[in-house]
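Undergrad: I have a structure here, written as structure tokens, and I will follow up with some questions on it.
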Amino acid sequence: MKAAAIRPFLTAVPLLCLLTGISDGGQYSKLWGRDGELWDPAGRLPDFSHAGYHSGEKPLPRPAVRASVRDFGAVGDGRSDDTPAFEKAIASVNDGALLVPAGRYVITRVLYLRKSNFVLRGEGSGKSILIFPKSLVEVLGKRPGTGEHDNWSWTGGFLWVEGRESNPALADLAADAPRGSRVLRLSSTRGLAPGQQVRLMMDDPDGTLGRHIHAGRLDAHPSLKNRRLVRFPAKIESIRGDSVTLSRPLRLDARVGWKARLNAVRPGIEEVGIEGLGLHFPPQRYAGHYHEKGANALWIDGAWNSWVRDLVIRNCDNGILLERTAFCTVDQVRLGADPARERPGSKGLHSGTHSGHHGLQHRGGDDCLFSRFNIDTRFHHDLTVENATGTVFMRGSGVDLCFDHHTHIPYENLFTEIDLGAGTRPWLSNGSRDPESGARETFWNLRSRKPVHTLLTRKGLWPEMNLVGVETTLKPAFKPGGPWIETIPPRELDPPNLYQAQLARRLGEKAAR
């Protein structure tokens, strides 16, 4: 039910419910309310509803099958090298799906997917299995720029999706606009059109933008000064005179002094899907942190409006790595490891048993959705955001999940309806640039066996963190600029999933489903 449809509060009992945050179905947050009636686009709770394939406005497609890898000689017997057949099949298919029938296919080289409108489709993650007996070091050699380490610790994959986005200049910002606004006054609107996809770009010449991304509480790392820190994506909804109205509220202030300008978007690759596959590596013992040889499953770099669906990944160094992606969806993914794979860690940050480096990572991108995931082992970093905004992780679980904020200003990301498992390390993060996180990281409906008892990380508090409906021993807190903690029991929180509630409010219940 939308806010406009809420019935008037005519009695003392409903009024009391409003004041105490108790709704008909449970307790609701003072940041959202029952149906979003308390939400403020300029407030501390961001709008996460644009995450995922086509901003959540379209279901994942299912393009027609154009060919099968068996047509090109793939055997799928678990012994024959099917790499040449896969390469020929991938090259032959355009604008449709390449079928991988049930079987076990040995792949000994990287499979590059560098064209739009292409789907690699198996018959199910338990039926169509790709076996990778080698590492990326064995196939590609040492990754450039790793110094003394011959590793592929956070890039590359045996399924390698790659494109390069371009951003021609359109217009400069002519007047400042506040966070939460959708209207921008420009130097010119010539050549612009409603429905056009754009990016608001902003640089940081004097460090003030970096501090603004941290809600005015912290400075960004000195290495980020004079760099482009903002590439906010939106569509032009309407044009009037020298002003445009965007399809979504600004995440940050837009200021002329930050060299703010609109640029067009030309995705390098889009409408790529990978689905219905098992991706298996040998159950060799994990080499350890920063010594990963590249048992990496999936690397997606520069893609827009693409998806991953129904994958099972076993014994990997890295599971799914998204880089410089926008509006992509990863749905129904399970990551696991054999006991022989697991390696005891060292003391401190990397203590405990691990089987890989990154489980699910989003780096340098915008508005991607990870949903219905299970991580049945421990990575050094289970769920990672690095220089990412608008990322949503939802309806997932793990044995002992950590929300890795890998520095370089991740901000306004959401973790909702998640079972942490043991709950011993939710804020465990690592990276090379302090502070760990920008503003308004939001955690909504988190369950765990061990209640969260601290917000402290090794580098301090995250600015304007929102913690709502979490198993915790923390006390309620409502500090401007500091943490917002509502100690609502997760099973009583209404709505239980913030992303779905925001999407339903924006699109309507029927469209959101």
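As shown in the structure tokens, the chain order sets the letters A, B, ...; within each chain, residues go from 1, and ligands are also counted from 1 in the order they appear.
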Give me the residues of stretch 179-287 of chain A that have any atom at most 8 Å from an atom of stretch 122-136 of chain A; for each, the nearest atom pair and the distance in Å, rounded to one decimal. Use only C-alpha atoms, sort by chain and number, and format it as CSV.
TA:
```
residue,atom,partner,partner_atom,distance
A:Glu275,CA,A:Gly122,CA,6.2
A:Gly276,CA,A:Gly124,CA,3.9
A:Leu277,CA,A:Ser125,CA,4.0
A:Gly278,CA,A:Ile129,CA,4.4
A:Leu279,CA,A:Leu130,CA,5.0
A:His280,CA,A:Ile131,CA,5.0
A:Phe281,CA,A:Phe132,CA,5.2
A:Pro282,CA,A:Pro133,CA,6.1
```
Undergrad: Any chance you could export the current selection's N, CA and C atoms as a short mmCIF file (atom, residue, chain, number, x, y, z; two decimals), in the first residue's frame?
TA:
```
data_model
loop_
_atom_site.label_atom_id
_atom_site.label_comp_id
_atom_site.auth_asym_id
_atom_site.auth_seq_id
_atom_site.Cartn_x
_atom_site.Cartn_y
_atom_site.Cartn_z
N GLU A 275 24.00 -18.35 -16.85
CA GLU A 275 22.97 -18.96 -16.03
C GLU A 275 22.96 -20.49 -16.14
N GLY A 276 22.49 -21.10 -15.04
CA GLY A 276 22.26 -22.53 -15.04
C GLY A 276 23.51 -23.37 -15.16
N LEU A 277 24.59 -22.98 -14.44
CA LEU A 277 25.87 -23.67 -14.57
C LEU A 277 26.47 -23.98 -13.20
N GLY A 278 27.21 -25.07 -13.12
CA GLY A 278 28.10 -25.32 -12.01
C GLY A 278 29.52 -25.02 -12.47
N LEU A 279 30.30 -24.32 -11.65
CA LEU A 279 31.67 -23.95 -11.97
C LEU A 279 32.56 -24.56 -10.90
N HIS A 280 33.34 -25.58 -11.25
CA HIS A 280 34.07 -26.37 -10.25
C HIS A 280 35.58 -26.29 -10.48
N PHE A 281 36.30 -26.09 -9.38
CA PHE A 281 37.76 -26.11 -9.37
C PHE A 281 38.23 -27.29 -8.53
N PRO A 282 39.49 -27.74 -8.71
CA PRO A 282 39.98 -28.87 -7.91
C PRO A 282 39.97 -28.54 -6.42
#
```
Undergrad: Need the shell around A:Glu87: protein/DNA/RNA residues with any atom at most 12 Å away, counting only C-alpha atoms. Skip same-chain ones fewer than 2 positions apart. Format as a list in words?
TA: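 My list of contacting residues is Ser68, Val69, Arg70, Phe72, Gly73, Ala74, Asp81, Asp82, Thr83, Pro84, Ala85, Ala89, Ile90, Ala91, Ser92, Val93, Leu98, Ile107, Thr108, Arg109, Val110, Leu111, Tyr112, Leu113, Leu120 and Leu159 of chain A.
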Undergrad: Report as CSV the residues of stretch 26-126 of chain A within 9 Å of stretch 230-249 of chain A, each with its shortest atom pair and distance in Å (one decimal), using only C-alpha atoms, ordered by chain and increasing residue number.
TA:
```
residue,atom,partner,partner_atom,distance
A:Pro41,CA,A:Pro249,CA,6.6
A:Ala42,CA,A:Pro249,CA,8.2
A:Asp47,CA,A:Pro249,CA,7.8
A:His50,CA,A:Arg248,CA,8.4
```
Undergrad: If you run DSSP on this backbone, which residues of stretch 372-500 of chain A come out as strand (DSSP E), and could you give them as a ChimeraX atom specification?
TA: /A:372-375,379-386,392-398,403-405,414-419,442-447,466-470,477-478,484-486
Undergrad: Restricting the calculation to only C-alpha atoms, which member of A:Tyr499, A:Phe379, A:Trp462, A:Trp304 is positioned closest to A:Arg343?
TA: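 Distance minimum relative to A:Arg343 lands on A:Phe379.
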Undergrad: Quick one: residues within 12 Å of A:Arg62, only C-alpha atoms counted, chain neighbours fewer than 5 positions away excluded, as a ChimeraX atom specification?
TA: /A:95-99,117-121,271-276,306-309
Undergrad: Write the selection just made, keeping N, CA and C atoms, as an mmCIF file, in the first residue's frame?
TA:
```cif
data_model
loop_
_atom_site.group_PDB
_atom_site.id
_atom_site.type_symbol
_atom_site.label_atom_id
_atom_site.label_comp_id
_atom_site.auth_asym_id
_atom_site.auth_seq_id
_atom_site.Cartn_x
_atom_site.Cartn_y
_atom_site.Cartn_z
ATOM 1 N N ASP A 95 23.155 -12.458 -30.501
ATOM 2 C CA ASP A 95 21.765 -12.110 -30.208
ATOM 3 C C ASP A 95 20.948 -13.343 -29.803
ATOM 4 N N GLY A 96 21.413 -14.014 -28.756
ATOM 5 C CA GLY A 96 20.665 -15.154 -28.263
ATOM 6 C C GLY A 96 21.486 -15.963 -27.287
ATOM 7 N N ALA A 97 21.019 -17.175 -26.989
ATOM 8 C CA ALA A 97 21.632 -18.016 -25.970
ATOM 9 C C ALA A 97 22.385 -19.173 -26.601
ATOM 10 N N LEU A 98 23.521 -19.500 -25.987
ATOM 11 C CA LEU A 98 24.287 -20.696 -26.327
ATOM 12 C C LEU A 98 24.019 -21.726 -25.240
ATOM 13 N N LEU A 99 23.474 -22.867 -25.627
ATOM 14 C CA LEU A 99 23.092 -23.898 -24.667
ATOM 15 C C LEU A 99 24.277 -24.781 -24.308
ATOM 16 N N ASN A 117 24.250 -8.858 -25.858
ATOM 17 C CA ASN A 117 23.119 -9.700 -26.266
ATOM 18 C C ASN A 117 23.525 -11.165 -26.438
ATOM 19 N N PHE A 118 24.300 -11.653 -25.473
ATOM 20 C CA PHE A 118 24.759 -13.032 -25.497
ATOM 21 C C PHE A 118 24.517 -13.674 -24.145
ATOM 22 N N VAL A 119 24.000 -14.914 -24.160
ATOM 23 C CA VAL A 119 23.724 -15.649 -22.925
ATOM 24 C C VAL A 119 24.394 -17.018 -23.008
ATOM 25 N N LEU A 120 25.159 -17.356 -21.971
ATOM 26 C CA LEU A 120 25.710 -18.699 -21.812
ATOM 27 C C LEU A 120 24.808 -19.429 -20.835
ATOM 28 N N ARG A 121 24.069 -20.427 -21.315
ATOM 29 C CA ARG A 121 22.996 -21.034 -20.523
ATOM 30 C C ARG A 121 23.177 -22.539 -20.377
ATOM 31 N N GLU A 271 23.373 -6.566 -21.759
ATOM 32 C CA GLU A 271 22.465 -7.693 -22.017
ATOM 33 C C GLU A 271 23.235 -9.002 -22.173
ATOM 34 N N VAL A 272 24.153 -9.242 -21.235
ATOM 35 C CA VAL A 272 24.893 -10.500 -21.191
ATOM 36 C C VAL A 272 24.380 -11.307 -20.000
ATOM 37 N N GLY A 273 24.135 -12.582 -20.208
ATOM 38 C CA GLY A 273 23.659 -13.442 -19.137
ATOM 39 C C GLY A 273 24.493 -14.707 -19.011
ATOM 40 N N ILE A 274 24.706 -15.155 -17.782
ATOM 41 C CA ILE A 274 25.370 -16.430 -17.502
ATOM 42 C C ILE A 274 24.479 -17.157 -16.508
ATOM 43 N N GLU A 275 24.004 -18.354 -16.855
ATOM 44 C CA GLU A 275 22.970 -18.964 -16.027
ATOM 45 C C GLU A 275 22.964 -20.486 -16.138
ATOM 46 N N GLY A 276 22.494 -21.103 -15.045
ATOM 47 C CA GLY A 276 22.256 -22.534 -15.038
ATOM 48 C C GLY A 276 23.512 -23.373 -15.163
ATOM 49 N N SER A 306 23.056 -6.521 -17.196
ATOM 50 C CA SER A 306 23.385 -7.918 -17.438
ATOM 51 C C SER A 306 23.055 -8.722 -16.186
ATOM 52 N N TRP A 307 23.208 -10.058 -16.266
ATOM 53 C CA TRP A 307 22.755 -10.859 -15.133
ATOM 54 C C TRP A 307 23.516 -12.178 -15.020
ATOM 55 N N VAL A 308 23.495 -12.694 -13.800
ATOM 56 C CA VAL A 308 23.981 -14.027 -13.464
ATOM 57 C C VAL A 308 22.854 -14.705 -12.706
ATOM 58 N N ARG A 309 22.562 -15.957 -13.056
ATOM 59 C CA ARG A 309 21.416 -16.628 -12.435
ATOM 60 C C ARG A 309 21.693 -18.123 -12.319
#
```
Undergrad: Rounded to one decimal place, report the atom CA of A:Tyr28-atom CA of A:Leu503 distance in Å.
TA: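 We find that atom CA of A:Tyr28 and atom CA of A:Leu503 lie 17.0 Å from each other.
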Undergrad: Looking at A:Cys316, A:Met201, A:Leu252, A:Ala340, which one is nearest to A:Gly157, with distances taken over only C-alpha atoms?
TA: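 Residue with the minimum atom-to-atom distance to A:Gly157: A:Cys316.
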Undergrad: Using only C-alpha atoms for the distances, tell me which of A:Leu298, A:Val452, A:Ala51, A:Val399 is nearest to A:Ala337.
TA: A:Val399
Undergrad: Considering only C-alpha atoms, can you say which of A:His212, A:Trp152, A:Asp176, A:Arg341 comes closest to A:His358?
TA: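 For A:His358, the nearest of the given residues is A:Trp152.
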